[in-house]
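Trainee: Starting off with a structure, shown below.
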Amino acid sequence: MERTQQEEGTEAILAAPAPAEENAAETENTAAVVAAAVQPASASEEEKAVISRQIASKWVKNSVLQQDPRVSQHIPETRFFSPANVSAMLSRYGKVVLKPVVGTGGVGVIMVIRTGAGYTIRHKRKVTRCRNFRSMMAAIGAIRRRRSYLVQRGISLASIRGRPIDYRVKVVKQNHVWVTRAMVGRLANPGFFVTNLCRGGTMLSSTEGIRRSLPKAAVRRKKQEMRNVTRISTQLLERHFPGVGQLGFDYGFDRSGKLWIFEVNTRPH
C-alpha cells in the first residue's frame with residue numbers, strides 16, 4: 001500500500017523489495033545509446049545516494065513501458081524518425097513531436113503541424129511555414145543535424161490561458177523504498193510549446209495546474225491516476241534496469257482529460 005507522508009512532497013509509493021536482476025536488451029537498430037551512470041565528482045551526498053544508473057535512450061525506456069497495457073494505453077504512438085514515418089503519422093494525427101533519442105531539457109524538440117497542403121514547424125519560439133513535404137523535411141534537417149530522432153504523436157495539451165501545461169512526477173529510492181519527491185505542474189513560457197523550466201516554464205502545484213486547466217476534472221482522481229501509472233512504470237523499469245535509483249516521469253492531460261506519459265528520465269532535474 002502507499003504510505004503518504006506529504007500530498008505534494010514526499011510519499012512512499014512502492015515498498016516491495018527490488019526484483020531480481022535481469023539481463024535486459026539495451027540496444028536498438030540505429031545506435032547504441034544506453035549509458036551506465038557515472039556519478040559526477042560534484043554530486044551532492046543526497047545525489048550520490050540515489051544516482052546509480054542512467055538509461056539515456058528514450059526508445060529503450062519507452063519499449064519497456066509498452067510491455068504493460070496499463071501503461072501502454074497512456075503512451076502516444078512513437079516511431080523512429082524517417083521521412084516515411086513522419087508522413088504517415090502526420091496523415092494519421094495531423095500533429096507530431098520530433099525529439100532526440102538522447103537528450104534532456106527540451107533541447108532539439110520540434111513540433112510539426114499539417115495545415116492543409118502545407119506544414120507549420122515550431123522550434124523554440126520560431127515558427128516556420130513550409131509549402132510542401134520536401135521543404136518541411138529540409139527545415140527539420142537543419143535543426144536535427146543528423147542526430148537520431150523519434151517521431152511521437154502530438155497531443156493537444158490542456159492549457160491555462162493558451163499556455164500548455166504538463167506534469168513532472170519524481171521518485172527516488174530510499175532505504176529500499178520508492179518515494180515520491182515531487183508532483184508539480186510546468187506551465188510553458190508564452191510562445192513555447194515545451195514546458196521545461198530551463199526553457200522559461202513556470203512551476204506550480206499539480207493541484208493548481210489541474211484545477212485551472214481542467215476545471216471540470218476531479219483533481220484528486222487525476223493525481224491518483226498519475227501515482228498509479230508511476231507505481232506500475234517504476235516496477236517495470238527497475239525490473240529491466242536493476243540499479244536505477246531515481247526516475248522523473250513527464251505526464252500531460254489532453255483537453256478531454258486523458259492522461260499521457262511522454263517520457264521518463266533516469267536523472268531528472
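Going by the C-alpha cells order, chains are called A, B, ..., each with residues numbered from 1, while ligands are numbered from 1 in the order shown.
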Hey, what's within 10 Å of Val86 (chain A) if we count only C-alpha atoms and toss same-chain stuff fewer than 4 positions away? As a list of chain:residue names, please?
Mentor: A:Arg79, A:Phe80, A:Phe81, A:Ser82, A:Leu90, A:Ser91, A:Arg92, A:Lys95, A:Val96, A:Val97, A:Leu98, A:Val112, A:Phe133, A:Met137, A:Leu150, A:Val151, A:Gln152, A:Arg153
Trainee: Can you write just those residues out, N, CA, C and O atoms, as a CSV table (one decimal), in the first residue's frame?
Mentor:
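New file out_15.csv:
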```csv
chain,number,residue,atom,x,y,z
A,79,ARG,N,7.6,6.3,-33.1
A,79,ARG,CA,8.4,5.6,-34.0
A,79,ARG,C,9.8,6.2,-34.2
A,79,ARG,O,10.0,7.4,-33.8
A,80,PHE,N,10.7,5.5,-34.8
A,80,PHE,CA,12.0,6.1,-35.2
A,80,PHE,C,11.7,7.1,-36.3
A,80,PHE,O,10.9,7.0,-37.2
A,81,PHE,N,12.6,8.2,-36.3
A,81,PHE,CA,12.4,9.2,-37.3
A,81,PHE,C,12.8,8.7,-38.7
A,81,PHE,O,13.9,8.1,-38.9
A,82,SER,N,12.0,8.9,-39.7
A,82,SER,CA,12.3,8.7,-41.1
A,82,SER,C,11.2,9.5,-41.8
A,82,SER,O,10.1,9.8,-41.3
A,90,LEU,N,1.8,12.2,-39.6
A,90,LEU,CA,1.1,13.4,-39.9
A,90,LEU,C,-0.2,13.2,-40.6
A,90,LEU,O,-1.2,13.9,-40.3
A,91,SER,N,-0.3,12.2,-41.4
A,91,SER,CA,-1.5,11.9,-42.1
A,91,SER,C,-2.5,11.3,-41.1
A,91,SER,O,-3.7,11.6,-41.2
A,92,ARG,N,-2.0,10.6,-40.1
A,92,ARG,CA,-2.9,10.0,-39.1
A,92,ARG,C,-3.4,11.0,-38.0
A,92,ARG,O,-4.5,11.0,-37.6
A,95,LYS,N,-0.5,16.2,-36.3
A,95,LYS,CA,0.5,16.9,-35.5
A,95,LYS,C,1.4,15.9,-34.9
A,95,LYS,O,1.0,14.8,-34.4
A,96,VAL,N,2.8,16.1,-35.0
A,96,VAL,CA,3.7,15.2,-34.4
A,96,VAL,C,4.8,16.0,-33.6
A,96,VAL,O,5.0,17.2,-33.9
A,97,VAL,N,5.4,15.4,-32.7
A,97,VAL,CA,6.6,16.0,-32.0
A,97,VAL,C,7.8,15.1,-32.3
A,97,VAL,O,7.8,13.9,-32.2
A,98,LEU,N,8.9,15.8,-32.7
A,98,LEU,CA,10.1,15.1,-33.0
A,98,LEU,C,11.1,15.4,-31.9
A,98,LEU,O,11.2,16.6,-31.5
A,112,VAL,N,5.6,19.6,-35.5
A,112,VAL,CA,5.2,19.8,-36.9
A,112,VAL,C,3.7,19.6,-37.0
A,112,VAL,O,3.2,18.6,-36.5
A,133,PHE,N,6.0,18.9,-48.4
A,133,PHE,CA,6.7,18.0,-47.5
A,133,PHE,C,8.2,18.1,-47.7
A,133,PHE,O,9.0,18.0,-46.7
A,137,MET,N,10.8,18.8,-44.6
A,137,MET,CA,11.9,17.9,-44.2
A,137,MET,C,13.3,18.6,-44.2
A,137,MET,O,14.1,18.3,-43.4
A,150,LEU,N,13.2,10.6,-32.7
A,150,LEU,CA,11.9,9.8,-32.6
A,150,LEU,C,10.8,10.7,-33.1
A,150,LEU,O,10.9,12.0,-33.1
A,151,VAL,N,9.8,10.1,-33.6
A,151,VAL,CA,8.6,10.8,-34.0
A,151,VAL,C,7.4,10.3,-33.1
A,151,VAL,O,7.2,9.1,-33.0
A,152,GLN,N,6.8,11.3,-32.4
A,152,GLN,CA,5.8,10.9,-31.5
A,152,GLN,C,4.5,11.7,-31.8
A,152,GLN,O,4.5,12.8,-32.2
A,153,ARG,N,3.4,11.0,-31.6
A,153,ARG,CA,2.1,11.6,-31.9
A,153,ARG,C,2.0,12.9,-31.1
A,153,ARG,O,2.3,12.9,-29.9
```
Trainee: Quick one: pick out all strand (DSSP E or B) residues within region 55-209 of chain A from a backbone DSSP run and write them as a PyMOL selection string.
Mentor: chain A and resi 78-80+95-100+110-115+118-123+126-130+149-153+157+159-160+163-174+177-187+202-205
Trainee: For Val229 (chain A), which of A:Ile121, A:Val71, A:Val127, A:Leu65 is the closest residue, counting only C-alpha atoms?
Mentor: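 The shortest atom-to-atom distance to Val229 (chain A) comes from A:Val71.
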Trainee: Give the alpha helix (DSSP H) residues of region 65-238 of chain A, as assigned by DSSP on the backbone, as number ranges by chain.
Mentor: A: 65, 69-72, 83-93, 133-144, 206-213, 219-238
Trainee: Between A:Gly248, A:Gly191, A:Gly162, A:Pro83, which one has atoms that come closest to Gly141 (chain A), using only C-alpha atoms?
Mentor: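 Of all the options, A:Pro83 lies closest to Gly141 (chain A).
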